[in-house]
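my_file-v1.cif (mmCIF, N, CA and C atoms) appears below.
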data_work
#
loop_
_atom_site.label_atom_id
_atom_site.label_comp_id
_atom_site.auth_asym_id
_atom_site.auth_seq_id
_atom_site.Cartn_x
_atom_site.Cartn_y
_atom_site.Cartn_z
N MET A 1 -46.99 -44.23 -22.13
CA MET A 1 -45.90 -44.26 -21.19
C MET A 1 -44.75 -43.36 -21.65
N ASN A 2 -44.54 -43.28 -22.93
CA ASN A 2 -43.49 -42.41 -23.45
C ASN A 2 -43.78 -40.94 -23.16
N VAL A 3 -45.05 -40.58 -23.21
CA VAL A 3 -45.42 -39.20 -22.95
C VAL A 3 -45.16 -38.86 -21.49
N ARG A 4 -45.46 -39.80 -20.58
CA ARG A 4 -45.21 -39.56 -19.16
C ARG A 4 -43.72 -39.39 -18.89
N LYS A 5 -42.89 -40.20 -19.50
CA LYS A 5 -41.43 -40.08 -19.33
C LYS A 5 -40.95 -38.75 -19.89
N LEU A 6 -41.48 -38.35 -21.04
CA LEU A 6 -41.10 -37.08 -21.66
C LEU A 6 -41.51 -35.91 -20.77
N VAL A 7 -42.70 -35.94 -20.22
CA VAL A 7 -43.17 -34.88 -19.32
C VAL A 7 -42.33 -34.87 -18.05
N LEU A 8 -42.04 -36.04 -17.51
CA LEU A 8 -41.21 -36.12 -16.31
C LEU A 8 -39.82 -35.55 -16.57
N VAL A 9 -39.22 -35.90 -17.67
CA VAL A 9 -37.89 -35.38 -18.03
C VAL A 9 -37.97 -33.87 -18.23
N LEU A 10 -39.02 -33.40 -18.89
CA LEU A 10 -39.18 -31.97 -19.12
C LEU A 10 -39.37 -31.22 -17.80
N VAL A 11 -40.17 -31.77 -16.89
CA VAL A 11 -40.38 -31.14 -15.59
C VAL A 11 -39.08 -31.13 -14.79
N LEU A 12 -38.36 -32.23 -14.82
CA LEU A 12 -37.06 -32.28 -14.12
C LEU A 12 -36.07 -31.30 -14.73
N ALA A 13 -36.07 -31.17 -16.04
CA ALA A 13 -35.16 -30.23 -16.71
C ALA A 13 -35.51 -28.79 -16.33
N VAL A 14 -36.77 -28.45 -16.31
CA VAL A 14 -37.19 -27.09 -15.92
C VAL A 14 -36.84 -26.85 -14.45
N ALA A 15 -37.10 -27.83 -13.61
CA ALA A 15 -36.78 -27.69 -12.19
C ALA A 15 -35.26 -27.54 -12.00
N GLY A 16 -34.49 -28.31 -12.72
CA GLY A 16 -33.03 -28.21 -12.64
C GLY A 16 -32.53 -26.86 -13.13
N TYR A 17 -33.11 -26.39 -14.25
CA TYR A 17 -32.73 -25.08 -14.79
C TYR A 17 -33.06 -23.99 -13.77
N TYR A 18 -34.25 -24.05 -13.18
CA TYR A 18 -34.66 -23.06 -12.20
C TYR A 18 -33.77 -23.13 -10.95
N ALA A 19 -33.38 -24.33 -10.56
CA ALA A 19 -32.52 -24.49 -9.39
C ALA A 19 -31.13 -23.89 -9.63
N VAL A 20 -30.65 -23.98 -10.88
CA VAL A 20 -29.30 -23.49 -11.19
C VAL A 20 -29.32 -22.01 -11.56
N PHE A 21 -30.23 -21.60 -12.44
CA PHE A 21 -30.21 -20.24 -12.98
C PHE A 21 -31.37 -19.36 -12.53
N GLY A 22 -32.31 -19.88 -11.80
CA GLY A 22 -33.46 -19.08 -11.39
C GLY A 22 -33.43 -18.78 -9.92
N GLY A 23 -34.41 -18.07 -9.46
CA GLY A 23 -34.52 -17.78 -8.04
C GLY A 23 -33.71 -16.56 -7.64
N GLU A 24 -33.62 -16.36 -6.34
CA GLU A 24 -32.95 -15.17 -5.82
C GLU A 24 -31.43 -15.26 -6.00
N TYR A 25 -30.84 -16.41 -5.73
CA TYR A 25 -29.40 -16.60 -5.88
C TYR A 25 -29.17 -17.75 -6.84
N THR A 26 -28.56 -17.43 -7.97
CA THR A 26 -28.28 -18.46 -8.96
C THR A 26 -26.91 -19.07 -8.71
N LEU A 27 -26.57 -20.06 -9.48
CA LEU A 27 -25.26 -20.68 -9.37
C LEU A 27 -24.16 -19.68 -9.72
N VAL A 28 -24.44 -18.82 -10.68
CA VAL A 28 -23.48 -17.78 -11.06
C VAL A 28 -23.25 -16.84 -9.89
N ASP A 29 -24.35 -16.45 -9.21
CA ASP A 29 -24.22 -15.59 -8.03
C ASP A 29 -23.43 -16.29 -6.94
N PHE A 30 -23.66 -17.58 -6.76
CA PHE A 30 -22.92 -18.35 -5.76
C PHE A 30 -21.42 -18.29 -6.01
N TYR A 31 -20.99 -18.52 -7.27
CA TYR A 31 -19.56 -18.48 -7.58
C TYR A 31 -18.99 -17.07 -7.44
N ARG A 32 -19.78 -16.06 -7.81
CA ARG A 32 -19.31 -14.67 -7.68
C ARG A 32 -19.13 -14.33 -6.21
N ILE A 33 -20.11 -14.68 -5.38
CA ILE A 33 -20.03 -14.40 -3.95
C ILE A 33 -18.89 -15.18 -3.31
N HIS A 34 -18.69 -16.41 -3.77
CA HIS A 34 -17.58 -17.21 -3.25
C HIS A 34 -16.24 -16.53 -3.57
N GLY A 35 -16.09 -16.00 -4.77
CA GLY A 35 -14.86 -15.29 -5.15
C GLY A 35 -14.67 -14.02 -4.34
N GLU A 36 -15.76 -13.29 -4.12
CA GLU A 36 -15.68 -12.06 -3.32
C GLU A 36 -15.28 -12.38 -1.88
N ARG A 37 -15.80 -13.49 -1.37
CA ARG A 37 -15.46 -13.88 0.00
C ARG A 37 -13.98 -14.23 0.10
N ALA A 38 -13.47 -14.97 -0.87
CA ALA A 38 -12.05 -15.34 -0.86
C ALA A 38 -11.18 -14.08 -0.93
N GLU A 39 -11.57 -13.12 -1.75
CA GLU A 39 -10.83 -11.87 -1.87
C GLU A 39 -10.88 -11.08 -0.55
N ALA A 40 -12.05 -11.05 0.08
CA ALA A 40 -12.19 -10.34 1.35
C ALA A 40 -11.35 -11.01 2.44
N GLU A 41 -11.31 -12.33 2.45
CA GLU A 41 -10.49 -13.04 3.44
C GLU A 41 -9.01 -12.75 3.22
N ALA A 42 -8.58 -12.67 1.97
CA ALA A 42 -7.18 -12.33 1.68
C ALA A 42 -6.87 -10.91 2.16
N ASN A 43 -7.81 -9.98 1.95
CA ASN A 43 -7.61 -8.60 2.41
C ASN A 43 -7.54 -8.54 3.93
N VAL A 44 -8.36 -9.33 4.60
CA VAL A 44 -8.33 -9.36 6.07
C VAL A 44 -6.97 -9.87 6.55
N LEU A 45 -6.44 -10.90 5.90
CA LEU A 45 -5.12 -11.42 6.29
C LEU A 45 -4.04 -10.37 6.09
N GLU A 46 -4.10 -9.64 4.99
CA GLU A 46 -3.12 -8.57 4.73
C GLU A 46 -3.22 -7.48 5.79
N GLU A 47 -4.45 -7.09 6.11
CA GLU A 47 -4.64 -6.04 7.10
C GLU A 47 -4.20 -6.49 8.48
N ARG A 48 -4.42 -7.74 8.82
CA ARG A 48 -3.95 -8.25 10.11
C ARG A 48 -2.43 -8.26 10.18
N ALA A 49 -1.78 -8.63 9.09
CA ALA A 49 -0.31 -8.60 9.05
C ALA A 49 0.19 -7.17 9.20
N GLU A 50 -0.45 -6.22 8.53
CA GLU A 50 -0.06 -4.81 8.65
C GLU A 50 -0.29 -4.32 10.07
N LEU A 51 -1.39 -4.70 10.68
CA LEU A 51 -1.67 -4.31 12.06
C LEU A 51 -0.62 -4.87 13.01
N GLU A 52 -0.23 -6.11 12.80
CA GLU A 52 0.80 -6.72 13.65
C GLU A 52 2.14 -6.00 13.48
N ARG A 53 2.46 -5.62 12.23
CA ARG A 53 3.70 -4.88 11.98
C ARG A 53 3.67 -3.53 12.68
N LEU A 54 2.53 -2.85 12.61
CA LEU A 54 2.41 -1.54 13.26
C LEU A 54 2.45 -1.67 14.78
N ARG A 55 1.86 -2.72 15.32
CA ARG A 55 1.93 -2.93 16.77
C ARG A 55 3.36 -3.19 17.22
N ALA A 56 4.11 -3.96 16.43
CA ALA A 56 5.51 -4.23 16.77
C ALA A 56 6.32 -2.94 16.70
N ARG A 57 6.03 -2.10 15.70
CA ARG A 57 6.74 -0.81 15.56
C ARG A 57 6.42 0.09 16.75
N ALA A 58 5.14 0.15 17.14
CA ALA A 58 4.75 0.98 18.28
C ALA A 58 5.41 0.47 19.56
N ASP A 59 5.48 -0.84 19.73
CA ASP A 59 6.12 -1.41 20.91
C ASP A 59 7.61 -1.06 20.92
N SER A 60 8.25 -1.11 19.77
CA SER A 60 9.67 -0.74 19.69
C SER A 60 9.87 0.72 20.06
N LEU A 61 8.99 1.57 19.56
CA LEU A 61 9.12 2.99 19.87
C LEU A 61 8.86 3.29 21.34
N GLU A 62 8.00 2.52 21.99
CA GLU A 62 7.70 2.74 23.40
C GLU A 62 8.75 2.16 24.34
N HIS A 63 9.34 1.02 23.97
CA HIS A 63 10.17 0.30 24.93
C HIS A 63 11.64 0.13 24.54
N ASP A 64 12.03 0.44 23.34
CA ASP A 64 13.41 0.21 22.90
C ASP A 64 14.12 1.55 22.68
N PRO A 65 15.03 1.93 23.58
CA PRO A 65 15.71 3.21 23.43
C PRO A 65 16.59 3.28 22.18
N ARG A 66 17.10 2.14 21.72
CA ARG A 66 17.91 2.15 20.49
C ARG A 66 17.08 2.55 19.28
N THR A 67 15.83 2.13 19.25
CA THR A 67 14.96 2.50 18.14
C THR A 67 14.71 4.01 18.15
N LEU A 68 14.46 4.55 19.32
CA LEU A 68 14.24 5.99 19.42
C LEU A 68 15.49 6.77 19.03
N GLU A 69 16.65 6.29 19.45
CA GLU A 69 17.89 6.97 19.10
C GLU A 69 18.13 6.93 17.59
N ARG A 70 17.90 5.77 16.99
CA ARG A 70 18.09 5.66 15.55
C ARG A 70 17.14 6.59 14.80
N LEU A 71 15.89 6.66 15.25
CA LEU A 71 14.91 7.53 14.63
C LEU A 71 15.31 9.00 14.77
N ALA A 72 15.77 9.38 15.95
CA ALA A 72 16.19 10.76 16.18
C ALA A 72 17.39 11.11 15.31
N ARG A 73 18.31 10.18 15.15
CA ARG A 73 19.48 10.45 14.32
C ARG A 73 19.12 10.56 12.84
N GLU A 74 18.28 9.64 12.37
CA GLU A 74 17.95 9.62 10.94
C GLU A 74 17.05 10.78 10.53
N ARG A 75 15.99 11.01 11.29
CA ARG A 75 15.00 12.01 10.88
C ARG A 75 15.37 13.43 11.26
N PHE A 76 15.99 13.61 12.42
CA PHE A 76 16.19 14.95 12.92
C PHE A 76 17.66 15.35 13.00
N GLY A 77 18.55 14.46 12.63
CA GLY A 77 19.97 14.79 12.63
C GLY A 77 20.53 15.04 14.02
N LEU A 78 19.94 14.48 15.05
CA LEU A 78 20.42 14.68 16.41
C LEU A 78 21.69 13.85 16.64
N ILE A 79 22.54 14.39 17.50
CA ILE A 79 23.79 13.71 17.81
C ILE A 79 23.99 13.73 19.33
N ARG A 80 24.88 12.88 19.78
CA ARG A 80 25.23 12.87 21.20
C ARG A 80 26.31 13.92 21.46
N GLU A 81 26.44 14.26 22.71
CA GLU A 81 27.45 15.23 23.09
C GLU A 81 28.84 14.66 22.76
N GLY A 82 29.65 15.48 22.13
CA GLY A 82 31.00 15.06 21.76
C GLY A 82 31.09 14.51 20.34
N GLU A 83 29.98 14.21 19.71
CA GLU A 83 29.99 13.72 18.33
C GLU A 83 29.99 14.91 17.37
N ILE A 84 30.45 14.67 16.17
CA ILE A 84 30.46 15.70 15.14
C ILE A 84 29.54 15.23 14.02
N LEU A 85 28.67 16.12 13.59
CA LEU A 85 27.72 15.80 12.53
C LEU A 85 28.25 16.35 11.21
N TYR A 86 28.38 15.49 10.23
CA TYR A 86 28.79 15.90 8.90
C TYR A 86 27.57 15.85 7.99
N ARG A 87 27.34 16.92 7.28
CA ARG A 87 26.25 16.96 6.29
C ARG A 87 26.87 17.23 4.94
N PHE A 88 26.47 16.46 3.98
CA PHE A 88 27.00 16.61 2.64
C PHE A 88 25.96 17.31 1.78
N ALA A 89 26.36 18.42 1.21
CA ALA A 89 25.45 19.20 0.38
C ALA A 89 25.67 18.84 -1.09
N GLU A 90 24.62 19.00 -1.87
CA GLU A 90 24.72 18.78 -3.31
C GLU A 90 25.56 19.90 -3.92
N PRO A 91 26.36 19.60 -4.93
CA PRO A 91 27.13 20.68 -5.57
C PRO A 91 26.18 21.66 -6.25
N PRO A 92 26.57 22.93 -6.32
CA PRO A 92 25.69 23.92 -6.95
C PRO A 92 25.49 23.58 -8.42
N GLU A 93 24.31 23.90 -8.91
CA GLU A 93 24.01 23.61 -10.31
C GLU A 93 24.79 24.55 -11.22
N GLU A 94 25.11 24.05 -12.41
CA GLU A 94 25.81 24.87 -13.39
C GLU A 94 24.88 25.96 -13.90
N ALA A 95 25.42 26.91 -14.62
CA ALA A 95 24.61 28.01 -15.16
C ALA A 95 23.47 27.42 -15.98
N SER A 96 22.28 27.90 -15.75
CA SER A 96 21.12 27.36 -16.46
C SER A 96 21.14 27.83 -17.91
N PRO A 97 20.56 27.06 -18.82
CA PRO A 97 20.56 27.45 -20.24
C PRO A 97 19.71 28.68 -20.48
N GLU A 98 18.91 29.10 -19.49
CA GLU A 98 18.08 30.28 -19.67
C GLU A 98 18.90 31.56 -19.59
N THR A 99 20.07 31.50 -18.97
CA THR A 99 20.92 32.68 -18.88
C THR A 99 21.62 32.89 -20.21
N SER A 100 21.58 34.09 -20.68
CA SER A 100 22.22 34.36 -21.97
C SER A 100 23.73 34.38 -21.81
N GLU A 101 24.46 34.38 -22.92
CA GLU A 101 25.92 34.28 -22.87
C GLU A 101 26.55 35.49 -22.21
N GLY A 102 25.97 36.67 -22.37
CA GLY A 102 26.54 37.88 -21.80
C GLY A 102 26.29 37.99 -20.32
N GLU A 103 25.28 37.32 -19.82
CA GLU A 103 24.95 37.40 -18.40
C GLU A 103 25.71 36.34 -17.61
N SER A 104 26.04 36.65 -16.41
CA SER A 104 26.62 35.63 -15.53
C SER A 104 25.80 35.63 -14.25
N GLU A 105 25.79 34.52 -13.62
CA GLU A 105 25.03 34.42 -12.37
C GLU A 105 25.81 35.09 -11.25
N ARG A 106 25.12 35.78 -10.36
CA ARG A 106 25.76 36.47 -9.26
C ARG A 106 26.09 35.45 -8.18
N VAL A 107 27.31 35.46 -7.71
CA VAL A 107 27.74 34.57 -6.66
C VAL A 107 28.13 35.44 -5.47
N ASP A 108 27.53 35.20 -4.35
CA ASP A 108 27.82 35.96 -3.14
C ASP A 108 29.04 35.36 -2.47
N THR A 109 30.12 36.14 -2.38
CA THR A 109 31.36 35.64 -1.80
C THR A 109 31.63 36.22 -0.43
N ALA A 110 30.70 36.99 0.10
CA ALA A 110 30.90 37.58 1.42
C ALA A 110 30.81 36.49 2.47
N PRO A 111 31.62 36.58 3.53
CA PRO A 111 31.55 35.58 4.59
C PRO A 111 30.22 35.68 5.33
N PRO A 112 29.74 34.60 5.87
CA PRO A 112 28.44 34.63 6.56
C PRO A 112 28.52 35.47 7.84
N ARG A 113 27.42 36.13 8.17
CA ARG A 113 27.35 36.94 9.38
C ARG A 113 27.14 36.04 10.59
N ARG A 114 27.63 36.51 11.71
CA ARG A 114 27.44 35.76 12.96
C ARG A 114 26.63 36.52 13.92
#

In structure tokens, what does this structure look like?
Amino acid sequence: MNVRKLVLVLVLAVAGYYAVFGGEYTLVDFYRIHGERAEAEANVLEERAELERLRARADSLEHDPRTLERLARERFGLIREGEILYRFAEPPEEASPETSEGESERVDTAPPRR
């Protein structure tokens, strides 16, 4: 009777091992696939949120004149009639260290042509 119990336990152990680690999909594969699925679902949620943001932006550009005006002002510097546009330029750079002490940079002081 002890031999039968030992064989039964051994057969059950082999069957359990094969069920967990053998076959086409093992328990390790199951957990890996489960993790990949969770990651893919998170990516889908992110992409859906981005799509919704882009749809809202497209709707604003199609139907909201204030959005178009703001975009035209920011990107293209457009102004309404009667407004004055001020542009601030960066100050000119100082003489570069590549210029030797005897040389000076040429500065054009002639007024601009019209």

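Going from atom CA of Arg37 of chain A to atom CA of Gly16 of chain A covers 26.0 Å.
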
Go ahead and compute the interatomic distance for atom N of Asp59 of chain A and atom CA of Gly77 of chain A, in Å to one decimal.
22.5 Å

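Atom C of Glu69 of chain A is found 15.2 Å from atom C of Leu85 of chain A.
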
Among segment 21-106 of chain A, which residues does DSSP mark as alpha helix (DSSP H) when it is run on the backbone? Keep the chain and numbering as in the structure and answer as a VMD selection string.
chain A and resid 21 27 to 63 65 to 76
